[in-house]
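J.: The following file, coords_27.txt, comprises compact mmCIF, C-alpha atoms:
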```txt
# COMPACT_ATOMS: atom_id res chain seq x y z
CA MET A 523 18.67 96.09 95.94
CA VAL A 524 19.62 98.12 98.95
CA ALA A 525 22.31 96.57 101.12
CA VAL A 526 20.40 96.77 104.39
CA ARG A 527 22.71 94.45 106.31
CA GLU A 528 25.85 96.30 105.23
CA LEU A 529 24.36 99.66 106.15
CA ALA A 530 23.12 98.33 109.51
CA VAL A 531 26.60 96.96 110.32
CA LEU A 532 28.18 100.33 109.52
CA VAL A 533 25.61 102.12 111.70
CA VAL A 534 26.39 99.78 114.62
CA ILE A 535 30.14 100.36 114.20
CA GLY A 536 29.48 104.09 113.95
CA LEU A 537 27.53 104.08 117.22
CA GLY A 538 30.23 102.04 118.97
CA THR A 539 32.94 104.34 117.65
CA TYR A 540 30.99 107.41 118.77
CA ALA A 541 30.56 105.92 122.24
CA MET A 542 34.32 105.39 122.55
CA ARG A 543 35.04 108.94 121.37
CA ALA A 544 32.51 110.39 123.80
CA ALA A 545 33.37 108.16 126.79
CA PHE A 546 35.86 110.50 128.47
CA LEU A 547 34.97 113.81 126.77
CA VAL A 548 31.45 113.92 128.21
CA THR A 549 32.51 112.73 131.67
CA ALA A 550 35.57 115.00 131.75
CA ARG A 551 36.68 116.57 135.00
CA PRO A 552 38.98 119.61 135.10
CA GLU A 553 41.49 117.82 137.32
CA PRO A 554 42.03 114.16 136.38
CA PRO A 555 43.84 111.99 138.97
CA ALA A 556 47.54 112.86 138.87
CA SER A 557 48.60 109.27 138.12
CA LEU A 558 46.34 109.24 135.04
CA ALA A 559 47.30 112.77 133.95
CA ARG A 560 50.97 111.78 133.73
CA THR A 561 50.21 109.07 131.17
CA LEU A 562 48.00 111.15 128.85
CA PRO A 563 50.69 113.07 126.92
CA TYR A 564 52.07 109.74 125.64
CA VAL A 565 48.82 108.46 124.13
CA GLY A 566 49.35 110.24 120.81
CA PRO A 567 52.99 109.21 120.21
CA ALA A 568 52.37 105.61 121.34
CA VAL A 569 49.20 105.03 119.28
CA LEU A 570 50.41 106.72 116.10
CA ALA A 571 53.78 104.92 116.20
CA ALA A 572 51.97 101.61 116.83
CA ILE A 573 49.97 102.20 113.64
CA THR A 574 52.85 103.57 111.56
CA LEU A 575 55.86 101.32 112.22
CA PRO A 576 54.23 97.92 111.46
CA ALA A 577 52.75 99.41 108.27
CA LEU A 578 56.18 100.71 107.18
CA LEU A 579 57.96 97.42 107.90
CA ALA A 580 55.37 95.34 106.03
CA PRO A 581 53.38 97.59 103.65
CA ARG A 582 51.68 94.61 102.00
CA GLY A 583 51.53 92.37 105.05
CA ALA A 584 55.02 90.82 104.86
CA VAL A 585 58.59 92.05 105.37
CA THR A 586 60.33 91.83 101.98
CA ILE A 587 63.19 93.79 100.40
CA GLY A 588 60.93 94.97 97.58
CA ASP A 589 58.30 96.33 99.96
CA THR A 590 60.16 97.25 103.15
CA VAL A 591 63.17 99.10 101.74
CA PRO A 592 61.13 101.59 99.64
CA ALA A 593 58.80 102.19 102.60
CA LEU A 594 61.64 102.90 105.04
CA LEU A 595 63.42 105.14 102.51
CA ALA A 596 60.16 107.03 101.97
CA ALA A 597 59.67 107.39 105.72
CA ALA A 598 63.24 108.69 106.17
CA VAL A 599 62.79 111.29 103.40
CA THR A 600 59.38 112.31 104.77
CA ALA A 601 60.75 112.77 108.30
CA LEU A 602 63.86 114.64 107.13
CA LEU A 603 61.86 117.05 104.96
CA TRP A 604 59.31 117.65 107.69
CA TRP A 605 62.04 118.50 110.21
CA ARG A 606 63.73 120.83 107.69
CA THR A 607 60.64 122.57 106.25
CA ARG A 608 57.75 121.83 108.67
CA SER A 609 55.63 121.41 105.54
CA LEU A 610 53.30 118.41 105.71
CA PRO A 611 52.37 118.39 101.99
CA LEU A 612 55.98 118.75 100.78
CA ALA A 613 57.20 115.98 103.10
CA LEU A 614 54.35 113.64 102.14
CA PHE A 615 54.61 114.02 98.39
CA ALA A 616 58.41 113.73 98.44
CA GLY A 617 58.06 110.54 100.48
CA LEU A 618 55.50 109.09 98.08
CA GLY A 619 57.78 109.98 95.15
CA VAL A 620 60.77 108.26 96.77
CA SER A 621 58.78 105.10 97.48
CA ALA A 622 57.60 104.95 93.85
CA LEU A 623 61.17 105.46 92.56
CA ALA A 624 62.66 102.90 94.96
CA GLU A 625 60.08 100.34 93.89
CA ILE A 626 60.95 100.83 90.22
CA VAL A 627 64.68 100.48 90.97
CA LEU A 628 64.26 97.39 93.14
CA ARG A 629 61.88 95.62 90.79
CA MET B 259 25.31 127.47 129.10
CA SER B 260 22.85 126.65 126.34
CA PRO B 261 23.79 128.09 122.95
CA ARG B 262 20.46 129.83 122.40
CA ALA B 263 19.46 133.33 121.32
CA GLY B 264 22.76 134.23 119.70
CA GLY B 265 24.69 133.50 122.86
CA PRO B 266 27.86 131.42 123.09
CA SER B 267 27.32 129.69 119.73
CA VAL B 268 27.54 132.98 117.83
CA ARG B 269 30.67 133.97 119.73
CA ILE B 270 32.22 130.65 118.78
CA LEU B 271 31.33 131.02 115.12
CA THR B 272 33.00 134.44 114.98
CA ALA B 273 36.02 133.65 117.16
CA PRO B 274 39.46 134.15 115.56
CA SER B 275 40.54 130.73 116.82
CA LEU B 276 37.84 129.09 114.65
CA HIS B 277 39.54 130.49 111.57
CA ARG B 278 42.92 129.59 112.99
CA GLY B 279 41.77 125.97 113.36
CA SER B 280 40.40 125.99 109.85
CA ARG B 281 43.71 127.40 108.52
CA ASP B 282 45.84 124.88 110.43
CA SER B 283 43.77 122.13 108.83
CA VAL B 284 44.60 123.09 105.26
CA ALA B 285 48.14 121.66 105.29
CA VAL B 286 46.80 118.48 106.89
CA ILE B 287 44.11 118.20 104.22
CA VAL B 288 46.62 118.55 101.39
CA ALA B 289 48.70 115.83 103.04
CA TYR B 290 45.53 113.71 103.38
CA VAL B 291 44.66 113.90 99.65
CA PRO B 292 46.48 110.68 98.65
CA PHE B 293 45.22 108.77 101.71
CA GLY B 294 41.62 109.97 101.31
CA LEU B 295 41.52 109.21 97.59
CA ALA B 296 43.12 105.81 98.17
CA VAL B 297 40.60 104.91 100.91
CA GLY B 298 37.77 105.92 98.56
CA ALA B 299 39.20 103.94 95.67
CA ALA B 300 39.73 100.85 97.86
CA MET B 301 36.16 101.09 99.20
CA ALA B 302 34.84 101.37 95.64
CA GLY B 303 36.53 98.10 94.75
CA ALA B 304 35.34 96.19 97.81
CA GLY B 305 32.08 94.87 96.33
CA VAL B 306 29.73 96.86 98.59
CA PRO B 307 27.20 99.24 96.94
CA PRO B 308 29.08 102.56 96.52
CA LEU B 309 26.69 104.78 98.46
CA VAL B 310 26.63 102.35 101.40
CA ALA B 311 30.44 102.12 101.35
CA TRP B 312 30.74 105.90 101.25
CA SER B 313 28.26 106.28 104.13
CA SER B 314 31.06 104.93 106.32
CA SER B 315 32.71 108.36 105.96
CA PRO B 316 30.02 110.23 107.92
CA LEU B 317 29.21 107.18 110.10
CA LEU B 318 32.75 106.24 111.17
CA PHE B 319 34.89 109.27 110.22
CA GLY B 320 38.20 107.40 110.35
CA GLY B 321 40.00 105.88 107.36
CA ALA B 322 41.49 102.77 108.98
CA GLY B 323 38.19 101.58 110.49
CA GLN B 324 36.20 102.41 107.35
CA LEU B 325 38.55 100.53 105.08
CA LEU B 326 38.58 97.48 107.32
CA ALA B 327 34.79 97.41 107.77
CA VAL B 328 33.97 97.90 104.08
CA GLU B 329 36.55 95.38 102.87
CA LEU B 330 35.38 92.74 105.38
CA LEU B 331 31.74 93.36 104.39
CA GLY B 332 32.69 92.99 100.74
CA ALA B 333 34.51 89.76 101.49
CA GLY B 334 31.36 88.35 103.11
CA ALA B 335 32.60 88.25 106.71
CA SER B 336 30.02 87.67 109.43
CA THR B 337 28.43 90.63 111.19
CA ALA B 338 30.14 89.87 114.50
CA VAL B 339 33.62 89.72 112.93
CA VAL B 340 33.18 93.00 111.04
CA VAL B 341 31.84 94.88 114.06
CA LEU B 342 34.49 93.48 116.42
CA ALA B 343 37.42 94.12 114.05
CA ALA B 344 36.36 97.70 113.31
CA LEU B 345 35.75 98.50 116.98
CA VAL B 346 39.18 97.15 117.95
CA VAL B 347 40.82 99.34 115.30
CA ASN B 348 38.80 102.32 116.53
CA ALA B 349 39.53 101.63 120.20
CA ARG B 350 42.34 104.19 119.94
CA PHE B 351 39.62 106.87 120.01
CA LEU B 352 38.94 105.84 123.60
CA LEU B 353 42.54 106.80 124.40
CA TYR B 354 42.28 110.09 122.47
CA SER B 355 39.09 110.82 124.40
CA ALA B 356 40.87 110.29 127.72
CA ALA B 357 43.88 112.34 126.63
CA LEU B 358 41.82 115.30 125.44
CA ALA B 359 39.32 115.25 128.33
CA PRO B 360 41.22 117.55 130.74
CA HIS B 361 41.29 120.26 128.04
CA VAL B 362 37.54 120.16 127.37
CA ALA B 363 36.17 119.78 130.91
CA ASP B 364 35.07 123.44 130.95
CA TRP B 365 33.15 123.23 127.66
CA PRO B 366 29.33 123.15 127.78
CA ARG B 367 28.11 119.55 128.01
CA ARG B 368 26.33 119.83 124.67
CA ALA B 369 29.57 120.90 122.97
CA ARG B 370 31.35 117.87 124.40
CA TRP B 371 28.66 115.50 123.09
CA ALA B 372 28.87 117.09 119.64
CA GLY B 373 32.65 117.42 119.63
CA SER B 374 33.04 113.71 120.36
CA TYR B 375 31.75 112.92 116.87
CA LEU B 376 34.66 114.83 115.31
CA LEU B 377 37.48 113.17 117.30
CA ALA B 378 39.44 111.59 114.43
CA ASP B 379 43.24 111.11 114.28
CA PRO B 380 44.18 114.44 112.62
CA VAL B 381 41.63 116.38 114.71
CA TYR B 382 43.17 114.91 117.87
CA ALA B 383 46.69 115.62 116.61
CA LEU B 384 46.02 119.31 115.87
CA ALA B 385 43.93 119.95 118.98
CA ALA B 386 46.35 118.16 121.33
CA ALA B 387 49.29 120.13 119.88
CA ARG B 388 47.52 123.46 120.40
CA PHE B 389 46.07 122.71 123.84
CA ALA B 390 49.42 121.41 125.14
CA GLY B 391 51.29 124.38 123.66
CA PRO B 392 51.99 127.83 125.12
CA GLY B 393 48.91 129.30 126.79
CA GLY B 394 47.07 126.00 126.65
CA GLY B 395 45.00 127.12 123.66
CA GLY B 396 43.46 130.08 125.48
CA ARG B 397 40.08 130.40 127.18
CA SER B 398 37.38 127.75 127.08
CA GLN B 399 35.52 129.22 124.10
CA ASP B 400 38.78 129.79 122.17
CA ARG B 401 39.67 126.12 122.59
CA LEU B 402 36.16 125.09 121.54
CA ALA B 403 36.24 127.39 118.51
CA TYR B 404 39.63 126.02 117.45
CA TYR B 405 38.38 122.43 117.81
CA VAL B 406 35.24 123.19 115.80
CA GLY B 407 37.30 124.91 113.09
CA VAL B 408 39.63 121.93 112.79
CA GLY B 409 36.94 119.28 113.10
CA VAL B 410 34.40 120.69 110.65
CA THR B 411 37.07 121.54 108.06
CA LEU B 412 38.67 118.10 108.20
CA TRP B 413 35.28 116.36 108.28
CA SER B 414 34.08 118.16 105.14
CA ALA B 415 37.37 117.45 103.37
CA TRP B 416 37.28 113.78 104.34
CA LEU B 417 33.74 113.27 102.98
CA LEU B 418 34.76 115.02 99.76
CA LEU B 419 38.08 113.18 99.34
CA THR B 420 36.71 109.70 99.97
CA GLY B 421 33.78 110.41 97.62
CA LEU B 422 36.16 111.65 94.96
CA GLY B 423 38.35 108.59 95.45
CA MET B 424 35.35 106.34 94.82
CA LEU B 425 34.44 108.21 91.64
CA LEU B 426 38.03 108.15 90.40
CA ALA B 427 38.68 104.53 91.40
CA GLY B 428 39.08 103.33 87.81
CA VAL B 429 41.17 106.31 86.71
CA LEU B 430 43.79 106.59 89.49
CA PRO B 431 47.24 105.36 88.45
CA ALA B 432 48.24 101.89 89.62
CA GLY B 433 51.10 103.40 91.67
CA PHE B 434 48.52 105.29 93.73
CA ARG B 435 48.49 102.86 96.59
CA ILE B 436 47.01 102.95 100.04
CA ASP B 437 49.86 100.91 101.53
CA MET B 438 52.29 103.85 101.25
CA ALA B 439 49.92 106.80 101.62
CA ALA B 440 48.49 105.53 104.92
CA PRO B 441 51.72 105.03 106.94
CA LEU B 442 53.34 108.24 105.64
CA THR B 443 50.24 110.25 106.55
CA PHE B 444 50.21 108.79 110.06
CA LEU B 445 53.97 109.37 110.32
CA LEU B 446 53.29 113.06 109.67
CA LEU B 447 50.71 113.13 112.48
CA LEU B 448 53.29 111.46 114.76
CA LEU B 449 56.37 113.64 114.06
CA PRO B 450 55.01 116.90 115.56
CA MET B 451 54.23 114.99 118.78
CA LEU B 452 57.87 114.01 119.38
CA GLY B 453 58.55 117.12 121.42
CA GLY B 454 60.68 115.58 124.16
CA ARG B 455 62.72 112.56 125.13
CA ALA B 456 59.82 110.82 126.91
CA ALA B 457 57.55 111.24 123.88
CA VAL B 458 60.24 109.67 121.68
CA VAL B 459 60.56 106.78 124.14
CA ALA B 460 56.76 106.31 124.01
CA ALA B 461 56.80 106.26 120.19
CA VAL B 462 59.73 103.84 119.92
CA ALA B 463 58.28 101.45 122.52
CA GLY B 464 54.82 101.67 120.95
CA GLY B 465 56.07 101.16 117.41
CA VAL B 466 58.45 98.30 118.22
CA SER B 467 55.99 96.38 120.42
CA ALA B 468 53.22 96.77 117.81
CA ALA B 469 55.58 95.54 115.08
CA ALA B 470 56.70 92.60 117.22
CA THR B 471 53.07 91.53 117.82
CA SER B 472 51.80 92.22 114.28
CA GLY B 473 50.74 88.56 114.00
CA LEU B 474 47.85 89.16 116.43
CA PRO B 475 44.34 88.99 114.92
CA LEU B 476 41.98 91.96 114.48
CA GLY B 477 44.76 94.53 114.60
CA LEU B 478 45.13 94.02 118.35
CA ASN B 479 48.86 94.79 118.03
CA VAL B 480 48.03 98.52 117.89
CA LEU B 481 46.49 98.26 121.36
CA VAL B 482 49.52 96.29 122.62
CA GLY B 483 51.75 99.03 121.20
CA ALA B 484 49.60 101.73 122.78
CA ALA B 485 49.86 100.09 126.21
CA PHE B 486 53.63 99.54 126.05
CA GLY B 487 54.24 102.98 124.56
CA VAL B 488 52.20 104.88 127.14
CA ALA B 489 53.84 102.90 129.97
CA ALA B 490 57.35 103.48 128.63
CA GLY B 491 56.72 107.19 128.04
CA THR B 492 55.28 107.63 131.53
CA LEU B 493 58.29 105.89 133.08
CA ALA B 494 60.74 107.99 131.06
CA GLY B 495 58.87 111.20 131.83
CA GLY B 496 58.55 110.42 135.54
CA ARG B 497 62.24 109.71 136.00
CA ARG B 498 63.26 113.09 134.62
CA ALA B 499 60.72 115.08 136.62
```
Take the structure in this file and express it as structure tokens.
T.:
Amino acid sequence: MVAVRELAVLVVIGLGTYAMRAAFLVTARPEPPASLARTLPYVGPAVLAAITLPALLAPRGAVTIGDTVPALLAAAVTALLWWRTRSLPLALFAGLGVSALAEIVLR
Amino acid sequence: MSPRAGGPSVRILTAPSLHRGSRDSVAVIVAYVPFGLAVGAAMAGAGVPPLVAWSSSPLLFGGAGQLLAVELLGAGASTAVVVLAALVVNARFLLYSAALAPHVADWPRRARWAGSYLLADPVYALAAARFAGPGGGGRSQDRLAYYVGVGVTLWSAWLLLTGLGMLLAGVLPAGFRIDMAAPLTFLLLLLPMLGGRAAVVAAVAGGVSAAATSGLPLGLNVLVGAAFGVAAGTLAGGRRA
């Protein structure tokens, strides 16, 4: 039994997502209005922090010592290692290791 | 400007910046391995036929939206709820599109239509870093070649990783959890963007306001955070200039 509804829903979301990605790229002008141009550099930091911080404070949907402390420790180690080494893989895997260790200790 | 008869398209495929983009993507891909596998494994366990669930990788090309859509579908949510929730989560691509637009205005129109499909979080992060850096990423075709190198490499890796995650769903260790891999991966996209005081202000305001409104439905708090963060960063940047 093919899941026609599920596939159709994903196609609709895919089309909507594509439309949002294309909205400004295909209508782009070389010189955006100055007031808009000043805001654009902050899109990346604002959006990514808005995704990251809530997920670190409540990894499983609630702020608890057992969940939040390992996540914040892992984030601190990840950030520190990235600043020191500029290596994404090293920083990520060290962070994951710390969160696993901290969870074992706090359990 | 049409890429026919071995014109611009061949020059792009042989440009050094294409290989540079591809190379820059490798470290990101290695850092995406846990997240990609975890998204695949979570989609495999959602109760949607595996091939349909995996089709979200080419259809949506973005882990957060895919995971949400597939899990809601598996939980039997109504069509309207699934579509709305996933589009709200993916609304950040509208902002990426606006932020990247000034750097792509001189690309052929066809390249901008095609490039839109590839505009995922790590593609935006790498392209924005290069285009905002010294030299602005070079000439039009160098920027396009870099974007294509990054986008196609990350796209292929993402399809592979999520597929592998689905196949390995039963075998992955229990400690292999999406709830740590996802935020640490996004943290590593964020850190290279904190190049100045105003960017840090934008990130702090965005993160804190999103955390403070995390009770909002449909993940709307990310959009609240985006609005506050961009406003705070713009204010901080304007004052200094």
J.: Return as a VMD selection string the residues belonging to chain B that are within 6 Å of chain A, counting all atoms listed in the file.
T.: chain B and resid 288 to 289 310 317 to 318 341 351 to 352 355 to 357 359 to 360 363 370 374 to 375 437 441 448 457 460 to 461 464 to 465 468 to 469 480 483 to 484 487 to 488 491 to 492
J.: Between B:Leu358, B:Gly495, B:Val339, B:Val381, single out the one closest to Ala327 of chain B, counting only C-alpha atoms.
T.: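 Residue with the minimum atom-to-atom distance to Ala327 of chain B: B:Val339.
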J.: What does the distance between atom CA of Leu602 of chain A and atom CA of Ile587 of chain A come to in Å, to one decimal place?
T.: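 Distance reported for this atom pair: 21.9 Å.
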J.: Just to confirm, what's the straight-line distance from atom CA of Trp312 of chain B to atom CA of Arg350 of chain B in Å (one decimal)?
T.: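 That distance, rounded to one decimal, is 22.1 Å.
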J.: Find the spatial neighbours of Ser283 of chain B, counting all atoms listed in the file, within a cut-off of 9 Å - ignore same-chain residues fewer than 4 positions away - and output them as a ChimeraX atom specification.
T.: /B:278-279,287-288,380-381,384,407-409,411-412
J.: I'd like the interatomic distance between atom CA of Leu446 of chain B and atom CA of Leu276 of chain B, to a tenth of an Å.
T.: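 One can read the atom CA of Leu446 of chain B to atom CA of Leu276 of chain B distance as 22.8 Å.
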J.: Once 6 Å is added on each side, what centre and edge lengths in Å to one decimal does the axis-aligned box around all listed atoms of segment 312-330 of chain B have, as lines of an AutoDock Vina configuration file?
T.:
```
center_x = 34.9
center_y = 101.5
center_z = 106.2
size_x = 25.2
size_y = 29.5
size_z = 21.9
```
J.: Skipping near chain neighbours, those fewer than 3 positions away, what residues fall within 12 Å of Leu418 of chain B using only C-alpha atoms, listed as a compact mmCIF listing (two decimals) with C-alpha atoms, keeping the file's coordinate frame?
T.:
```txt
# COMPACT_ATOMS: atom_id res chain seq x y z
CA ILE B 287 44.11 118.20 104.22
CA TYR B 290 45.53 113.71 103.38
CA VAL B 291 44.66 113.90 99.65
CA GLY B 294 41.62 109.97 101.31
CA LEU B 295 41.52 109.21 97.59
CA VAL B 297 40.60 104.91 100.91
CA GLY B 298 37.77 105.92 98.56
CA TRP B 312 30.74 105.90 101.25
CA SER B 313 28.26 106.28 104.13
CA SER B 315 32.71 108.36 105.96
CA PRO B 316 30.02 110.23 107.92
CA PHE B 319 34.89 109.27 110.22
CA THR B 411 37.07 121.54 108.06
CA LEU B 412 38.67 118.10 108.20
CA TRP B 413 35.28 116.36 108.28
CA SER B 414 34.08 118.16 105.14
CA ALA B 415 37.37 117.45 103.37
CA GLY B 421 33.78 110.41 97.62
CA LEU B 422 36.16 111.65 94.96
CA GLY B 423 38.35 108.59 95.45
CA MET B 424 35.35 106.34 94.82
CA LEU B 425 34.44 108.21 91.64
```
J.: Quick one: of B:Ala369, B:Leu426, B:Ala485, B:Ala470, who's nearest to Ala302 of chain B, counting only C-alpha atoms?
T.: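 Selected residue with least distance to Ala302 of chain B: B:Leu426.
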